>>> print(open('target03.cif').read())   # mmCIF, C-alpha atoms and all ligand atoms
data_model
#
loop_
_atom_site.label_atom_id
_atom_site.label_comp_id
_atom_site.auth_asym_id
_atom_site.auth_seq_id
_atom_site.Cartn_x
_atom_site.Cartn_y
_atom_site.Cartn_z
CA MET M 1 -57.55 143.25 -163.37
CA SER M 2 -60.01 145.98 -164.37
CA GLY M 3 -60.19 148.24 -167.45
CA ALA M 4 -58.67 151.27 -165.68
CA VAL M 5 -55.21 151.75 -164.21
CA GLY M 6 -55.75 150.84 -160.58
CA GLN M 7 -54.44 152.97 -157.72
CA PRO M 8 -51.92 150.34 -156.54
CA LEU M 9 -50.23 150.36 -159.97
CA LEU M 10 -50.48 154.15 -160.29
CA ASP M 11 -48.70 154.47 -156.92
CA LEU M 12 -45.81 152.36 -158.25
CA LEU M 13 -45.40 154.06 -161.64
CA ARG M 14 -42.63 156.61 -162.14
CA CYS M 15 -41.82 158.54 -165.28
CA PRO M 16 -38.78 156.92 -166.99
CA THR M 17 -37.65 160.39 -168.11
CA CYS M 18 -37.82 162.47 -164.91
CA GLY M 19 -38.66 159.95 -162.19
CA GLY M 20 -41.84 161.79 -161.18
CA PRO M 21 -45.22 160.21 -160.36
CA TYR M 22 -48.18 160.16 -162.74
CA GLN M 23 -51.64 161.62 -162.39
CA ARG M 24 -54.70 160.36 -164.24
CA HIS M 25 -55.54 162.74 -167.08
CA GLY M 26 -58.76 161.63 -168.78
CA ASP M 27 -58.03 158.19 -170.14
CA ARG M 28 -54.26 158.77 -170.07
CA LEU M 29 -51.53 159.29 -167.48
CA GLN M 30 -49.55 162.49 -167.24
CA CYS M 31 -46.32 163.31 -165.45
CA ALA M 32 -45.46 166.79 -164.12
CA CYS M 33 -42.71 167.02 -166.78
CA GLY M 34 -45.45 166.97 -169.42
CA ILE M 35 -45.00 163.43 -170.72
CA VAL M 36 -48.29 161.70 -171.45
CA VAL M 37 -48.72 157.93 -171.41
CA ALA M 38 -51.50 156.27 -173.40
CA VAL M 39 -53.64 153.67 -171.64
CA ARG M 40 -55.33 151.02 -173.78
CA SER M 41 -57.35 148.12 -172.39
CA GLY M 42 -56.34 149.28 -168.92
CA ILE M 43 -52.61 148.88 -169.72
CA PRO M 44 -50.28 151.90 -169.63
CA ARG M 45 -48.21 151.97 -172.84
CA PHE M 46 -44.72 153.35 -172.27
CA VAL M 47 -43.61 152.39 -175.79
CA ASP M 48 -45.14 153.56 -179.08
CA ASP M 49 -45.13 150.07 -180.62
CA ASP M 50 -43.43 146.69 -180.29
CA GLY M 51 -40.07 147.87 -181.69
CA TYR M 52 -37.57 144.99 -182.08
CA VAL M 53 -39.81 142.39 -180.40
CA LYS M 54 -42.41 142.01 -183.15
CA SER M 55 -41.67 138.29 -183.43
CA PHE M 56 -42.90 137.91 -179.84
CA SER M 57 -46.14 139.77 -180.56
CA PHE M 58 -46.71 137.19 -183.32
CA GLU M 59 -45.54 134.20 -181.26
CA TRP M 60 -47.65 134.84 -178.19
CA GLN M 61 -50.75 135.60 -180.20
CA LYS M 62 -50.30 132.24 -181.99
CA HIS M 63 -49.58 130.37 -178.77
CA ALA M 64 -51.63 132.35 -176.28
CA ARG M 65 -52.27 129.45 -173.91
CA THR M 66 -49.96 126.60 -175.00
CA GLN M 67 -47.66 127.04 -171.98
CA LEU M 68 -50.20 128.32 -169.46
CA ASP M 69 -50.52 126.00 -166.46
CA SER M 70 -54.24 126.69 -166.04
CA ALA M 71 -54.82 125.57 -169.64
CA SER M 72 -52.69 122.45 -169.43
CA ALA M 73 -52.69 119.10 -167.66
CA VAL M 74 -49.17 119.60 -166.29
CA ALA M 75 -48.00 122.48 -164.08
CA ARG M 76 -44.78 122.91 -166.03
CA SER M 77 -44.45 126.67 -165.46
CA GLU M 78 -44.87 126.18 -161.72
CA ARG M 79 -42.25 123.42 -161.71
CA ASP M 80 -39.77 125.54 -163.71
CA PHE M 81 -40.40 128.60 -161.53
CA GLN M 82 -39.80 126.50 -158.40
CA SER M 83 -36.51 125.14 -159.75
CA ARG M 84 -35.23 128.69 -160.30
CA LEU M 85 -36.33 130.28 -157.03
CA ASP M 86 -34.21 128.42 -154.42
CA ARG M 87 -36.99 128.82 -151.85
CA PRO M 88 -40.52 127.41 -151.62
CA LEU M 89 -43.06 129.12 -153.88
CA GLU M 90 -45.02 129.92 -150.69
CA TRP M 91 -42.31 132.55 -150.09
CA LEU M 92 -44.05 134.60 -152.82
CA ASN M 93 -47.09 135.21 -150.62
CA GLY M 94 -47.42 138.96 -149.89
CA LYS M 95 -44.35 139.90 -151.97
CA LEU M 96 -44.28 142.67 -154.57
CA VAL M 97 -42.95 141.04 -157.71
CA LEU M 98 -41.94 142.22 -161.20
CA ASP M 99 -42.12 139.77 -164.12
CA ALA M 100 -39.67 141.49 -166.49
CA GLY M 101 -40.63 140.23 -169.95
CA CYS M 102 -43.80 138.42 -168.93
CA GLY M 103 -44.82 137.27 -172.44
CA MET M 104 -48.31 135.78 -172.29
CA GLY M 105 -48.12 135.58 -168.50
CA ARG M 106 -47.38 131.97 -167.58
CA TYR M 107 -45.03 132.79 -164.68
CA ALA M 108 -47.12 135.77 -163.55
CA GLU M 109 -49.98 133.31 -163.19
CA VAL M 110 -47.88 131.12 -160.89
CA ALA M 111 -46.76 134.09 -158.75
CA ALA M 112 -50.34 135.35 -158.52
CA ARG M 113 -51.57 131.91 -157.49
CA TYR M 114 -49.02 131.89 -154.66
CA GLY M 115 -50.29 135.24 -153.34
CA ALA M 116 -47.79 137.74 -154.75
CA THR M 117 -48.77 141.18 -156.00
CA VAL M 118 -47.48 140.92 -159.55
CA VAL M 119 -46.55 143.54 -162.10
CA GLY M 120 -46.05 142.02 -165.56
CA LEU M 121 -43.99 144.08 -168.00
CA ASP M 122 -43.46 143.33 -171.67
CA PHE M 123 -42.34 145.34 -174.69
CA SER M 124 -44.48 143.36 -177.15
CA PHE M 125 -48.21 143.04 -177.70
CA ALA M 126 -47.96 139.78 -175.79
CA ILE M 127 -49.02 142.08 -172.96
CA ASP M 128 -52.57 142.02 -174.38
CA VAL M 129 -52.47 138.22 -174.44
CA ALA M 130 -51.31 138.29 -170.82
CA ARG M 131 -54.25 140.53 -169.99
CA ALA M 132 -56.69 137.98 -171.41
CA ASN M 133 -54.93 135.09 -169.66
CA LEU M 134 -54.70 136.81 -166.28
CA SER M 135 -58.02 138.66 -166.18
CA GLY M 136 -59.18 136.56 -163.23
CA TRP M 137 -56.32 137.74 -160.99
CA PRO M 138 -56.96 141.08 -159.22
CA ASN M 139 -53.39 140.93 -157.85
CA VAL M 140 -51.84 141.23 -161.34
CA GLN M 141 -51.17 144.55 -163.10
CA LEU M 142 -49.59 144.96 -166.52
CA VAL M 143 -47.50 147.55 -168.33
CA GLN M 144 -46.18 147.63 -171.88
CA ALA M 145 -42.66 148.99 -171.55
CA ASP M 146 -39.00 148.44 -172.38
CA LEU M 147 -37.28 146.95 -169.37
CA THR M 148 -34.22 149.10 -170.03
CA ARG M 149 -36.42 152.17 -169.39
CA PRO M 150 -38.64 150.82 -166.65
CA PRO M 151 -41.48 153.01 -165.34
CA PHE M 152 -40.63 152.29 -161.69
CA ALA M 153 -38.39 153.77 -159.02
CA ARG M 154 -35.15 152.01 -158.08
CA GLU M 155 -35.41 149.42 -155.29
CA THR M 156 -39.17 148.90 -155.59
CA PHE M 157 -39.65 145.12 -155.76
CA ASP M 158 -39.08 142.20 -153.37
CA LEU M 159 -38.43 139.98 -156.37
CA VAL M 160 -37.64 140.71 -159.99
CA TYR M 161 -37.53 137.69 -162.27
CA SER M 162 -36.76 137.62 -165.96
CA PHE M 163 -36.96 134.22 -167.60
CA GLY M 164 -35.72 133.89 -171.17
CA VAL M 165 -35.79 137.62 -171.88
CA LEU M 166 -32.46 139.39 -171.39
CA HIS M 167 -30.73 137.50 -174.25
CA HIS M 168 -33.37 138.92 -176.60
CA THR M 169 -32.36 142.53 -175.91
CA PRO M 170 -29.56 144.38 -177.76
CA ASN M 171 -27.31 144.23 -174.67
CA ALA M 172 -28.16 141.55 -172.11
CA GLU M 173 -25.83 142.92 -169.45
CA GLN M 174 -27.27 146.45 -169.65
CA SER M 175 -30.78 145.01 -169.53
CA PHE M 176 -29.86 142.89 -166.51
CA LEU M 177 -28.49 145.94 -164.67
CA ALA M 178 -31.65 147.94 -165.43
CA ALA M 179 -33.87 145.13 -164.08
CA ALA M 180 -31.63 144.40 -161.09
CA ASP M 181 -31.75 148.06 -160.06
CA LEU M 182 -35.47 147.66 -159.34
CA VAL M 183 -34.80 145.10 -156.57
CA LYS M 184 -35.07 146.30 -152.96
CA PRO M 185 -32.07 145.83 -150.67
CA GLY M 186 -32.45 142.30 -149.31
CA GLY M 187 -34.67 141.42 -152.28
CA VAL M 188 -34.11 138.78 -154.92
CA MET M 189 -33.31 138.75 -158.63
CA ALA M 190 -33.88 135.49 -160.58
CA MET M 191 -33.19 134.98 -164.26
CA PHE M 192 -32.07 132.69 -167.01
CA VAL M 193 -30.36 133.35 -170.32
CA TYR M 194 -29.18 131.00 -173.07
CA SER M 195 -25.81 129.36 -172.61
CA SER M 196 -22.94 129.47 -175.09
CA TYR M 197 -21.39 126.10 -174.16
CA ASN M 198 -22.55 123.86 -177.02
CA LYS M 199 -20.43 125.33 -179.80
CA ALA M 200 -21.73 123.07 -182.62
CA PHE M 201 -25.30 123.97 -181.75
CA VAL M 202 -24.51 127.68 -181.45
CA TYR M 203 -22.61 127.70 -184.74
CA SER M 204 -25.27 125.94 -186.81
CA SER M 205 -28.23 127.74 -185.30
CA ASP M 206 -26.51 131.12 -185.76
CA PHE M 207 -25.90 130.12 -189.37
CA TRP M 208 -29.61 129.41 -189.96
CA ARG M 209 -30.72 132.46 -187.98
CA ARG M 210 -28.98 134.73 -190.48
CA LEU M 211 -31.67 133.59 -192.92
CA THR M 212 -34.63 132.88 -190.64
CA THR M 213 -34.63 136.28 -188.93
CA LYS M 214 -35.23 137.85 -192.34
CA LEU M 215 -38.25 135.72 -193.28
CA PRO M 216 -41.86 136.86 -192.84
CA TYR M 217 -43.13 135.46 -189.53
CA GLN M 218 -46.00 133.50 -191.05
CA LEU M 219 -43.67 131.72 -193.50
CA LEU M 220 -41.08 131.00 -190.83
CA TYR M 221 -43.80 129.73 -188.53
CA TRP M 222 -44.95 127.17 -191.08
CA LEU M 223 -41.34 126.12 -191.77
CA CYS M 224 -40.86 125.62 -188.02
CA GLY M 225 -43.82 123.24 -188.17
CA ALA M 226 -41.32 120.77 -189.72
CA SER M 227 -40.02 120.29 -186.16
CA VAL M 228 -43.19 118.30 -185.40
CA PRO M 229 -42.28 115.27 -187.59
CA LEU M 230 -38.49 115.89 -187.54
CA TYR M 231 -38.54 115.13 -183.80
CA TYR M 232 -39.14 111.44 -184.56
CA LEU M 233 -36.25 111.32 -187.03
CA TYR M 234 -34.01 113.18 -184.56
CA SER M 235 -34.90 110.64 -181.86
CA LEU M 236 -32.99 107.95 -183.81
CA PRO M 237 -29.38 107.23 -182.72
CA VAL M 238 -26.93 108.43 -185.42
CA ILE M 239 -29.13 110.35 -187.81
CA GLY M 240 -30.61 112.21 -184.84
CA LEU M 241 -27.21 113.45 -183.68
CA ILE M 242 -26.34 114.65 -187.17
CA GLY M 243 -29.75 116.31 -187.60
CA LYS M 244 -29.61 118.09 -184.25
CA SER M 245 -26.15 119.44 -185.05
CA CYS M 246 -26.90 120.54 -188.62
CA LEU M 247 -30.43 121.88 -188.24
CA PRO M 248 -31.35 122.25 -184.56
CA ILE M 249 -35.00 122.12 -183.52
CA SER M 250 -36.72 122.02 -180.16
CA MET M 251 -36.90 118.46 -178.82
CA GLU M 252 -39.90 119.13 -176.55
CA SER M 253 -42.10 116.02 -176.44
CA ASP M 254 -45.37 118.01 -176.72
CA TRP M 255 -45.70 118.90 -180.40
CA ARG M 256 -47.22 122.37 -179.76
CA TRP M 257 -44.37 123.31 -177.40
CA ARG M 258 -41.93 121.98 -180.00
CA TRP M 259 -43.37 124.14 -182.77
CA LEU M 260 -43.54 127.19 -180.49
CA ASP M 261 -39.99 126.75 -179.14
CA THR M 262 -38.52 126.19 -182.60
CA PHE M 263 -40.12 129.43 -183.81
CA ASP M 264 -39.00 131.11 -180.57
CA TRP M 265 -35.42 130.11 -181.40
CA TYR M 266 -35.28 131.13 -185.04
CA SER M 267 -37.40 134.31 -185.10
CA PRO M 268 -36.16 136.89 -182.55
CA ARG M 269 -34.07 139.74 -183.86
CA PHE M 270 -31.64 139.59 -180.93
CA GLN M 271 -30.38 136.40 -179.35
CA SER M 272 -27.18 136.28 -177.26
CA LYS M 273 -25.60 133.39 -175.36
CA HIS M 274 -23.69 133.54 -172.10
CA THR M 275 -21.65 131.67 -169.49
CA HIS M 276 -22.17 131.27 -165.77
CA ALA M 277 -19.00 133.26 -165.04
CA GLU M 278 -20.25 136.16 -167.14
CA VAL M 279 -23.70 136.23 -165.51
CA ALA M 280 -22.23 135.87 -162.01
CA SER M 281 -20.11 138.95 -162.73
CA TRP M 282 -23.29 140.90 -163.59
CA PHE M 283 -24.85 139.93 -160.26
CA LEU M 284 -21.74 140.86 -158.30
CA ARG M 285 -21.41 144.18 -160.14
CA ALA M 286 -25.02 145.04 -159.25
CA GLY M 287 -24.33 144.36 -155.55
CA PHE M 288 -25.92 140.90 -155.27
CA ASP M 289 -24.54 137.94 -153.33
CA GLN M 290 -25.72 134.52 -152.06
CA LEU M 291 -25.75 133.42 -155.70
CA PHE M 292 -27.70 130.26 -156.53
CA ILE M 293 -27.22 128.37 -159.80
CA GLY M 294 -30.37 126.68 -161.04
CA PRO M 295 -30.80 123.87 -163.57
CA GLY M 296 -30.59 124.30 -167.35
CA GLU M 297 -29.06 127.04 -169.53
CA VAL M 298 -27.55 129.86 -167.41
CA THR M 299 -30.03 130.07 -164.56
CA MET M 300 -29.07 132.22 -161.58
CA LEU M 301 -30.52 133.97 -158.55
CA GLY M 302 -28.98 136.49 -156.18
CA VAL M 303 -29.91 138.47 -153.09
CA ARG M 304 -29.27 142.19 -153.11
CA GLY M 305 -26.96 143.38 -150.36
CA SER M 306 -28.63 145.77 -147.92
CA ASP M 307 -25.87 148.42 -148.25
CA GLN M 308 -26.79 149.41 -151.83
C1 LIG R 401 -38.98 134.12 -174.96
S1 LIG R 401 -40.18 135.29 -174.42
C2 LIG R 401 -40.32 134.79 -172.70
C3 LIG R 401 -41.61 135.25 -172.07
C4 LIG R 401 -41.83 134.75 -170.64
N1 LIG R 401 -40.80 135.20 -169.73
C5 LIG R 401 -41.90 133.24 -170.64
O1 LIG R 401 -40.93 132.61 -170.23
O2 LIG R 401 -42.93 132.72 -171.09
C6 LIG R 401 -39.25 136.80 -174.29
C7 LIG R 401 -40.12 137.99 -173.93
O3 LIG R 401 -39.29 139.10 -173.61
C8 LIG R 401 -39.89 140.26 -174.12
N2 LIG R 401 -38.87 141.30 -174.26
C9 LIG R 401 -37.77 141.28 -175.05
N3 LIG R 401 -37.07 142.43 -174.90
C10 LIG R 401 -37.73 143.17 -173.98
C11 LIG R 401 -37.52 144.45 -173.41
N4 LIG R 401 -36.46 145.21 -173.75
N5 LIG R 401 -38.38 144.91 -172.50
C12 LIG R 401 -39.46 144.16 -172.14
N6 LIG R 401 -39.73 142.95 -172.66
C13 LIG R 401 -38.88 142.46 -173.57
C14 LIG R 401 -40.50 139.82 -175.43
O4 LIG R 401 -41.49 140.68 -175.88
C15 LIG R 401 -41.02 138.43 -175.07
O5 LIG R 401 -42.37 138.44 -174.67
ZN ZN R 402 -41.72 162.98 -166.24
#
>>> encode(input="target03.cif", output="structure tokens", more="lines below")
Ligand SMILES: C[S@@+](CC[C@H](N)C(=O)[O-])C[C@H]1O[C@@H](n2cnc3c(N)ncnc32)[C@H](O)[C@@H]1O
Ligand SMILES: [Zn+2]
Amino acid sequence: MSGAVGQPLLDLLRCPTCGGPYQRHGDRLQCACGIVVAVRSGIPRFVDDDGYVKSFSFEWQKHARTQLDSASAVARSERDFQSRLDRPLEWLNGKLVLDAGCGMGRYAEVAARYGATVVGLDFSFAIDVARANLSGWPNVQLVQADLTRPPFARETFDLVYSFGVLHHTPNAEQSFLAAADLVKPGGVMAMFVYSSYNKAFVYSSDFWRRLTTKLPYQLLYWLCGASVPLYYLYSLPVIGLIGKSCLPISMESDWRWRWLDTFDWYSPRFQSKHTHAEVASWFLRAGFDQLFIGPGEVTMLGVRGSDQ
């Protein structure tokens, strides 16, 4: 990834307002309709700031490399990606892929390692963290944009994946349809969103979130640090069950992941939960079939019919 917008990315970009291509204009991009897009650190910025995803700008700056495979002893992101793809990761080789809501870039790194040409898109300033993490991969390009107004033409990508993102938008179904529309006929969409099945968990965490989403991020972050010792208490038989129901925390065994995931749960402004039936209906409505249900939460993949 270089400091300028490379030609391969420029060729893919389309104005979200009129659909036209961009030309370089000094250090910015300009569309024929007159809209100008700022470019900072080589990343086109299709949003003015980080809008409703400020908690993620904070989170991924704090935990820039916690979940990055290349910075860890275990290839957890690769393993999770594999479990959601329903085909060997080698399938990624030569594919044009969109990581919709790439965060600090952990899954983009996996796709790049397996030979895909990857575009990472994120609304938050996590995109700058992704840039630092992925600077060694010439096959990765990044854009800061809202996935509901994507700067790409319909039916552009062989694979669009969106892991843990759509439930953090104001309307997960609308966001899904916007992302799914970017998949080529015969291409693949893979995603996961939170599930709504565990009612006790949903009820108590929604109760706490009414307070936690109003706290300053730094204060909330330190409060979430309580998850580090609480984990040991919550690992006990009866008291653990009560604790997990009354004040849920992440039960990740790695304490940094636990702290990060607890903050990730209690901080975002939007957080919706869904069922498999609901998500399957989104896929079918967008013209996808061959649905595959992956492990954990509501994890699903579909193949876009070629008659779209
Ligand atoms: C929980 S993080 C997941 C990041 C990454 N997919 C991962 O699993 O590490 C959710 C990400 O979605 C991004 N996001 C939320 N709403 C978005 C939107 N409308 N457009 C683009 N990105 C969005 C946030 O900025 C954040 O980085
Ligand atoms: Zn335009």
>>> atom_distance(input="target03.cif", atom1="atom CA of M:Ala286", atom2="atom CA of M:Asp181")
7.4 Å
>>> closest_atom_pairs(input="target03.cif", of="chain M", to="ligand ZN 402 (chain R)", cutoff="6 Å", atoms="all atoms listed in the file", output="tab-separated table")
residue	atom	partner	partner_atom	distance
M:Cys15	CA	R:ZN402	ZN	4.5
M:Thr17	CA	R:ZN402	ZN	5.2
M:Cys18	CA	R:ZN402	ZN	4.2
M:Gly19	CA	R:ZN402	ZN	5.9
M:Gly20	CA	R:ZN402	ZN	5.2
M:Cys31	CA	R:ZN402	ZN	4.7
M:Ala32	CA	R:ZN402	ZN	5.7
M:Cys33	CA	R:ZN402	ZN	4.2
M:Ile35	CA	R:ZN402	ZN	5.6
>>> residues_near_ligand(input="target03.cif", ligand="ligand LIG 401 (chain R)", cutoff="6 Å", atoms="all atoms listed in the file", output="list of chain:residue names")
M:Val53, M:Phe56, M:Gly101, M:Cys102, M:Gly103, M:Arg106, M:Asp122, M:Phe123, M:Ser124, M:Ala126, M:Ala145, M:Asp146, M:Leu147, M:Thr148, M:Phe163, M:Gly164, M:Val165, M:His168, M:Thr169
>>> residues_around(input="target03.cif", residues="M:Ser162", least_positions_apart="3", cutoff="7 Å", atoms="all atoms listed in the file", output="number ranges by chain")
M: 99-101, 165, 190-192
>>> closest_atom_pairs(input="target03.cif", of="stretch 25-109 of chain M", to="stretch 241-264 of chain M", cutoff="10 Å", atoms="only C-alpha atoms", output="tab-separated table")
residue	atom	partner	partner_atom	distance
M:Ser55	CA	M:Asp264	CA	8.2
M:Phe56	CA	M:Asp264	CA	7.9
M:Glu59	CA	M:Asp264	CA	7.3
M:Trp60	CA	M:Leu260	CA	9.0
M:Lys62	CA	M:Leu260	CA	8.6
M:His63	CA	M:Leu260	CA	7.0
M:Thr66	CA	M:Trp257	CA	6.9
M:Gln67	CA	M:Trp257	CA	7.4
>>> closest_residue(input="target03.cif", among="M:Gly294, M:Gly105, M:Pro16, M:Pro151", to="M:Gln61", atoms="all atoms listed in the file")
M:Gly105
>>> closest_residue(input="target03.cif", among="M:Met104, M:Leu230, M:Ala75, M:Val110", to="M:Asn133", atoms="only C-alpha atoms")
M:Met104
>>> residues_around(input="target03.cif", residues="M:Ser196", least_positions_apart="3", cutoff="10 Å", atoms="only C-alpha atoms", output="NGL selection string")
:M and (193 or 199-203 or 272-276 or 297-298)
>>> residues_around(input="target03.cif", residues="M:Trp208", least_positions_apart="3", cutoff="8 Å", atoms="all atoms listed in the file", output="compact mmCIF listing (two decimals) with C-alpha atoms, in the frame of the given file")
# COMPACT_ATOMS: atom_id res chain seq x y z
CA SER M 204 -25.27 125.94 -186.81
CA SER M 205 -28.23 127.74 -185.30
CA LEU M 211 -31.67 133.59 -192.92
CA THR M 212 -34.63 132.88 -190.64
CA LEU M 247 -30.43 121.88 -188.24
CA TYR M 266 -35.28 131.13 -185.04
